[in-house]
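Chemist: As input, take run_8.cif (mmCIF, N, CA and C atoms):
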data_final
loop_
_atom_site.label_atom_id
_atom_site.label_comp_id
_atom_site.auth_asym_id
_atom_site.auth_seq_id
_atom_site.Cartn_x
_atom_site.Cartn_y
_atom_site.Cartn_z
N MET A 1 -28.16 -40.32 2.00
CA MET A 1 -28.49 -39.40 0.92
C MET A 1 -27.38 -38.37 0.74
N LYS A 2 -26.94 -37.81 1.86
CA LYS A 2 -25.90 -36.80 1.79
C LYS A 2 -24.59 -37.41 1.29
N SER A 3 -24.33 -38.65 1.67
CA SER A 3 -23.11 -39.33 1.25
C SER A 3 -23.09 -39.51 -0.26
N GLU A 4 -24.23 -39.90 -0.84
CA GLU A 4 -24.31 -40.07 -2.29
C GLU A 4 -24.09 -38.75 -3.00
N TYR A 5 -24.67 -37.69 -2.47
CA TYR A 5 -24.48 -36.36 -3.06
C TYR A 5 -23.02 -35.95 -3.00
N SER A 6 -22.39 -36.22 -1.88
CA SER A 6 -20.98 -35.86 -1.69
C SER A 6 -20.09 -36.64 -2.67
N LYS A 7 -20.37 -37.93 -2.84
CA LYS A 7 -19.60 -38.73 -3.78
C LYS A 7 -19.78 -38.23 -5.21
N GLU A 8 -21.02 -37.90 -5.57
CA GLU A 8 -21.30 -37.40 -6.92
C GLU A 8 -20.59 -36.06 -7.16
N LYS A 9 -20.61 -35.21 -6.15
CA LYS A 9 -19.96 -33.91 -6.27
C LYS A 9 -18.44 -34.08 -6.44
N LYS A 10 -17.85 -34.96 -5.66
CA LYS A 10 -16.41 -35.22 -5.77
C LYS A 10 -16.07 -35.81 -7.13
N TYR A 11 -16.94 -36.70 -7.62
CA TYR A 11 -16.71 -37.30 -8.94
C TYR A 11 -16.74 -36.24 -10.03
N LEU A 12 -17.71 -35.33 -9.99
CA LEU A 12 -17.81 -34.28 -10.99
C LEU A 12 -16.62 -33.31 -10.92
N GLU A 13 -16.18 -33.01 -9.69
CA GLU A 13 -15.00 -32.15 -9.54
C GLU A 13 -13.75 -32.82 -10.11
N ALA A 14 -13.60 -34.11 -9.85
CA ALA A 14 -12.46 -34.85 -10.38
C ALA A 14 -12.50 -34.91 -11.90
N LYS A 15 -13.69 -35.12 -12.45
CA LYS A 15 -13.85 -35.17 -13.90
C LYS A 15 -13.48 -33.82 -14.52
N LYS A 16 -13.90 -32.73 -13.90
CA LYS A 16 -13.57 -31.39 -14.39
C LYS A 16 -12.07 -31.15 -14.33
N LYS A 17 -11.43 -31.58 -13.24
CA LYS A 17 -9.99 -31.40 -13.08
C LYS A 17 -9.22 -32.18 -14.15
N ILE A 18 -9.65 -33.40 -14.42
CA ILE A 18 -9.01 -34.22 -15.45
C ILE A 18 -9.15 -33.56 -16.82
N LYS A 19 -10.30 -32.98 -17.09
CA LYS A 19 -10.50 -32.28 -18.36
C LYS A 19 -9.56 -31.09 -18.47
N GLU A 20 -9.36 -30.36 -17.38
CA GLU A 20 -8.42 -29.23 -17.38
C GLU A 20 -6.99 -29.70 -17.61
N ILE A 21 -6.61 -30.82 -17.00
CA ILE A 21 -5.25 -31.35 -17.16
C ILE A 21 -5.04 -31.80 -18.61
N LYS A 22 -6.03 -32.47 -19.19
CA LYS A 22 -5.92 -32.90 -20.58
C LYS A 22 -5.80 -31.69 -21.51
N GLY A 23 -6.52 -30.63 -21.20
CA GLY A 23 -6.41 -29.40 -21.98
C GLY A 23 -5.02 -28.80 -21.90
N PHE A 24 -4.43 -28.85 -20.70
CA PHE A 24 -3.07 -28.35 -20.54
C PHE A 24 -2.08 -29.17 -21.35
N TYR A 25 -2.23 -30.50 -21.32
CA TYR A 25 -1.32 -31.36 -22.10
C TYR A 25 -1.43 -31.06 -23.59
N ALA A 26 -2.64 -30.86 -24.07
CA ALA A 26 -2.82 -30.51 -25.48
C ALA A 26 -2.16 -29.17 -25.78
N HIS A 27 -2.33 -28.20 -24.90
CA HIS A 27 -1.73 -26.89 -25.06
C HIS A 27 -0.20 -27.01 -25.07
N ALA A 28 0.35 -27.80 -24.18
CA ALA A 28 1.80 -27.98 -24.12
C ALA A 28 2.33 -28.63 -25.40
N LEU A 29 1.61 -29.64 -25.91
CA LEU A 29 2.04 -30.30 -27.13
C LEU A 29 2.02 -29.34 -28.31
N VAL A 30 0.97 -28.56 -28.44
CA VAL A 30 0.89 -27.58 -29.52
C VAL A 30 2.01 -26.56 -29.40
N ASN A 31 2.32 -26.16 -28.17
CA ASN A 31 3.40 -25.18 -27.97
C ASN A 31 4.76 -25.75 -28.36
N VAL A 32 5.02 -27.01 -28.02
CA VAL A 32 6.29 -27.62 -28.40
C VAL A 32 6.41 -27.69 -29.92
N LEU A 33 5.35 -28.12 -30.58
CA LEU A 33 5.37 -28.17 -32.05
C LEU A 33 5.53 -26.78 -32.66
N SER A 34 4.89 -25.79 -32.06
CA SER A 34 5.02 -24.41 -32.55
C SER A 34 6.45 -23.90 -32.40
N ILE A 35 7.08 -24.20 -31.29
CA ILE A 35 8.46 -23.77 -31.08
C ILE A 35 9.38 -24.41 -32.12
N ILE A 36 9.19 -25.69 -32.39
CA ILE A 36 10.01 -26.37 -33.39
C ILE A 36 9.85 -25.71 -34.75
N ILE A 37 8.62 -25.41 -35.13
CA ILE A 37 8.36 -24.78 -36.43
C ILE A 37 8.96 -23.38 -36.48
N ILE A 38 8.80 -22.62 -35.42
CA ILE A 38 9.32 -21.25 -35.39
C ILE A 38 10.84 -21.25 -35.50
N VAL A 39 11.50 -22.12 -34.76
CA VAL A 39 12.96 -22.20 -34.82
C VAL A 39 13.40 -22.61 -36.22
N PHE A 40 12.74 -23.59 -36.80
CA PHE A 40 13.10 -24.03 -38.16
C PHE A 40 12.95 -22.89 -39.17
N VAL A 41 11.83 -22.20 -39.11
CA VAL A 41 11.59 -21.10 -40.06
C VAL A 41 12.63 -20.01 -39.88
N ASN A 42 12.94 -19.66 -38.65
CA ASN A 42 13.93 -18.62 -38.39
C ASN A 42 15.30 -19.03 -38.92
N LEU A 43 15.74 -20.23 -38.61
CA LEU A 43 17.08 -20.65 -39.03
C LEU A 43 17.16 -20.92 -40.53
N LYS A 44 16.05 -21.24 -41.15
CA LYS A 44 16.04 -21.50 -42.59
C LYS A 44 16.06 -20.20 -43.40
N PHE A 45 15.24 -19.21 -43.00
CA PHE A 45 15.05 -18.04 -43.83
C PHE A 45 15.84 -16.80 -43.38
N SER A 46 16.21 -16.72 -42.11
CA SER A 46 17.04 -15.59 -41.67
C SER A 46 18.00 -16.07 -40.57
N PRO A 47 18.99 -16.86 -40.97
CA PRO A 47 19.89 -17.44 -39.97
C PRO A 47 20.81 -16.42 -39.30
N SER A 48 20.92 -15.24 -39.85
CA SER A 48 21.83 -14.25 -39.27
C SER A 48 21.24 -13.58 -38.02
N PHE A 49 19.92 -13.57 -37.88
CA PHE A 49 19.28 -12.95 -36.71
C PHE A 49 18.35 -13.97 -36.05
N HIS A 50 18.61 -14.30 -34.82
CA HIS A 50 17.82 -15.30 -34.11
C HIS A 50 16.66 -14.64 -33.37
N TRP A 51 15.61 -14.34 -34.11
CA TRP A 51 14.43 -13.72 -33.52
C TRP A 51 13.51 -14.72 -32.82
N PHE A 52 13.76 -16.01 -33.04
CA PHE A 52 12.88 -17.02 -32.46
C PHE A 52 12.86 -16.99 -30.94
N TRP A 53 13.91 -16.44 -30.32
CA TRP A 53 13.96 -16.38 -28.85
C TRP A 53 12.79 -15.59 -28.28
N PHE A 54 12.39 -14.53 -28.96
CA PHE A 54 11.26 -13.73 -28.48
C PHE A 54 9.98 -14.55 -28.44
N ALA A 55 9.74 -15.31 -29.49
CA ALA A 55 8.54 -16.16 -29.55
C ALA A 55 8.62 -17.29 -28.52
N VAL A 56 9.78 -17.90 -28.38
CA VAL A 56 9.94 -19.01 -27.44
C VAL A 56 9.70 -18.53 -26.01
N ILE A 57 10.25 -17.39 -25.65
CA ILE A 57 10.05 -16.85 -24.30
C ILE A 57 8.57 -16.58 -24.05
N GLY A 58 7.89 -15.99 -25.02
CA GLY A 58 6.46 -15.72 -24.87
C GLY A 58 5.65 -17.00 -24.72
N ILE A 59 5.96 -18.00 -25.52
CA ILE A 59 5.24 -19.27 -25.45
C ILE A 59 5.49 -19.95 -24.10
N VAL A 60 6.71 -19.92 -23.62
CA VAL A 60 7.03 -20.55 -22.33
C VAL A 60 6.30 -19.83 -21.19
N ILE A 61 6.25 -18.51 -21.24
CA ILE A 61 5.55 -17.76 -20.19
C ILE A 61 4.06 -18.10 -20.18
N VAL A 62 3.44 -18.16 -21.34
CA VAL A 62 2.01 -18.49 -21.42
C VAL A 62 1.76 -19.91 -20.95
N THR A 63 2.64 -20.85 -21.30
CA THR A 63 2.49 -22.23 -20.85
C THR A 63 2.63 -22.32 -19.34
N PHE A 64 3.56 -21.57 -18.77
CA PHE A 64 3.74 -21.56 -17.31
C PHE A 64 2.48 -21.01 -16.63
N ILE A 65 1.90 -19.96 -17.17
CA ILE A 65 0.68 -19.40 -16.60
C ILE A 65 -0.45 -20.42 -16.67
N HIS A 66 -0.56 -21.12 -17.78
CA HIS A 66 -1.60 -22.15 -17.91
C HIS A 66 -1.36 -23.26 -16.89
N TRP A 67 -0.11 -23.68 -16.71
CA TRP A 67 0.20 -24.71 -15.71
C TRP A 67 -0.18 -24.24 -14.31
N MET A 68 0.12 -22.96 -14.00
CA MET A 68 -0.23 -22.44 -12.68
C MET A 68 -1.74 -22.46 -12.46
N LEU A 69 -2.50 -22.14 -13.49
CA LEU A 69 -3.96 -22.14 -13.37
C LEU A 69 -4.51 -23.55 -13.21
N VAL A 70 -3.89 -24.54 -13.85
CA VAL A 70 -4.41 -25.90 -13.80
C VAL A 70 -3.98 -26.62 -12.52
N SER A 71 -2.69 -26.65 -12.22
CA SER A 71 -2.27 -27.44 -11.06
C SER A 71 -1.20 -26.79 -10.21
N GLY A 72 -0.58 -25.77 -10.69
CA GLY A 72 0.52 -25.17 -9.97
C GLY A 72 0.12 -24.49 -8.69
N LYS A 73 -1.10 -23.92 -8.64
CA LYS A 73 -1.54 -23.24 -7.42
C LYS A 73 -1.58 -24.19 -6.24
N ASN A 74 -2.00 -25.41 -6.48
CA ASN A 74 -2.08 -26.39 -5.40
C ASN A 74 -0.68 -26.80 -4.93
N LEU A 75 0.26 -26.90 -5.86
CA LEU A 75 1.62 -27.28 -5.49
C LEU A 75 2.32 -26.17 -4.72
N VAL A 76 2.00 -24.93 -5.07
CA VAL A 76 2.62 -23.79 -4.40
C VAL A 76 1.90 -23.47 -3.09
N GLY A 77 0.67 -23.92 -2.96
CA GLY A 77 -0.10 -23.69 -1.74
C GLY A 77 -1.12 -22.57 -1.86
N LEU A 78 -1.51 -22.24 -3.07
CA LEU A 78 -2.47 -21.16 -3.28
C LEU A 78 -3.79 -21.67 -3.85
N GLY A 79 -4.11 -22.91 -3.60
CA GLY A 79 -5.34 -23.50 -4.14
C GLY A 79 -6.58 -22.99 -3.43
N LYS A 80 -7.71 -23.62 -3.72
CA LYS A 80 -9.00 -23.22 -3.15
C LYS A 80 -9.03 -23.36 -1.63
N ASP A 81 -8.31 -24.32 -1.12
CA ASP A 81 -8.36 -24.59 0.31
C ASP A 81 -7.36 -23.75 1.11
N TRP A 82 -6.69 -22.83 0.47
CA TRP A 82 -5.65 -22.05 1.13
C TRP A 82 -6.19 -21.31 2.34
N GLU A 83 -7.32 -20.63 2.18
CA GLU A 83 -7.88 -19.84 3.27
C GLU A 83 -8.28 -20.73 4.45
N GLU A 84 -8.93 -21.86 4.15
CA GLU A 84 -9.34 -22.76 5.22
C GLU A 84 -8.12 -23.34 5.96
N LYS A 85 -7.06 -23.67 5.21
CA LYS A 85 -5.85 -24.19 5.85
C LYS A 85 -5.23 -23.15 6.77
N LYS A 86 -5.18 -21.91 6.34
CA LYS A 86 -4.59 -20.84 7.16
C LYS A 86 -5.42 -20.60 8.42
N ILE A 87 -6.73 -20.63 8.29
CA ILE A 87 -7.59 -20.44 9.45
C ILE A 87 -7.38 -21.58 10.44
N LYS A 88 -7.32 -22.81 9.93
CA LYS A 88 -7.10 -23.97 10.81
C LYS A 88 -5.74 -23.88 11.48
N GLU A 89 -4.69 -23.49 10.73
CA GLU A 89 -3.37 -23.35 11.34
C GLU A 89 -3.39 -22.29 12.44
N TYR A 90 -4.06 -21.21 12.19
CA TYR A 90 -4.12 -20.14 13.18
C TYR A 90 -4.85 -20.58 14.44
N LEU A 91 -5.99 -21.28 14.25
CA LEU A 91 -6.75 -21.78 15.38
C LEU A 91 -5.96 -22.82 16.18
N ASP A 92 -5.27 -23.71 15.47
CA ASP A 92 -4.48 -24.74 16.15
C ASP A 92 -3.32 -24.11 16.91
N LYS A 93 -2.74 -23.06 16.35
CA LYS A 93 -1.61 -22.39 16.97
C LYS A 93 -2.03 -21.67 18.26
N ASN A 94 -3.23 -21.14 18.28
CA ASN A 94 -3.70 -20.36 19.42
C ASN A 94 -4.35 -21.21 20.51
N GLU A 95 -4.45 -22.51 20.31
CA GLU A 95 -5.07 -23.37 21.33
C GLU A 95 -4.11 -23.74 22.42
#
Translate this structure into structure tokens?
Modeler:
Amino acid sequence: MKSEYSKEKKYLEAKKKIKEIKGFYAHALVNVLSIIIIVFVNLKFSPSFHWFWFAVIGIVIVTFIHWMLVSGKNLVGLGKDWEEKKIKEYLDKNE
């Protein structure tokens, strides 16, 4: 009984994670298209001043933050299991 519950819980967590990753990909695609449009508009209508850099930097920062929230924390080592890993390392070190 407990095994079935555990499998179902893991399945739902995986499904949620996949939905978050798909959302990030959609966000990244929209951001790339937005950057292309912003650069085109800037170079077409005011080529003497390149203001598009401000928008591009902002979009890249927001995309990076979204990536960190979706999967970057786990790659950097700040995921949900961080505290448990540190406790286990400490206990193993002191044995």
Chemist: Compile the contact shell of range 15-27 of chain A as a count of residues only: residues with an atom at most 7 Å away, counting all atoms listed in the file, same-chain residues fewer than 3 positions apart removed.
Modeler: 10
Chemist: As a list of chain:residue names, please: the residues near range 37-41 of chain A (cut-off 8 Å, all atoms listed in the file, same-chain neighbours under 4 positions excluded).
Modeler: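 Those residues are A:Asn31, A:Val32, A:Leu33, A:Phe45, A:Ser46, A:Pro47, A:Trp51, A:Phe52, A:Trp53, A:Ala55, A:Val56.
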Chemist: Tell me, in Å to one decimal, how far CA of Ile57 in chain A is from CA of Leu29 in chain A.
Modeler: 15.9 Å
Chemist: One decimal, Å: what's the distance from atom C of Val62 in chain A over to CA of Ser34 in chain A, could you say?
Modeler: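 Those two atoms sit 12.9 Å apart.
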Chemist: To one decimal place in Å, what is the distance between CA of Lys88 in chain A and CA of Lys73 in chain A?
Modeler: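 Interatomic distance here is 19.1 Å.
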Chemist: Mind giving me the axis-aligned box for range 57-73 of chain A with 4 Å on every side, centre plus edges in Å to one decimal, as AutoDock Vina command-line options?
Modeler:
--center_x 2.9 --center_y -21.6 --center_z -15.9 --size_x 22.8 --size_y 19.7 --size_z 27.4
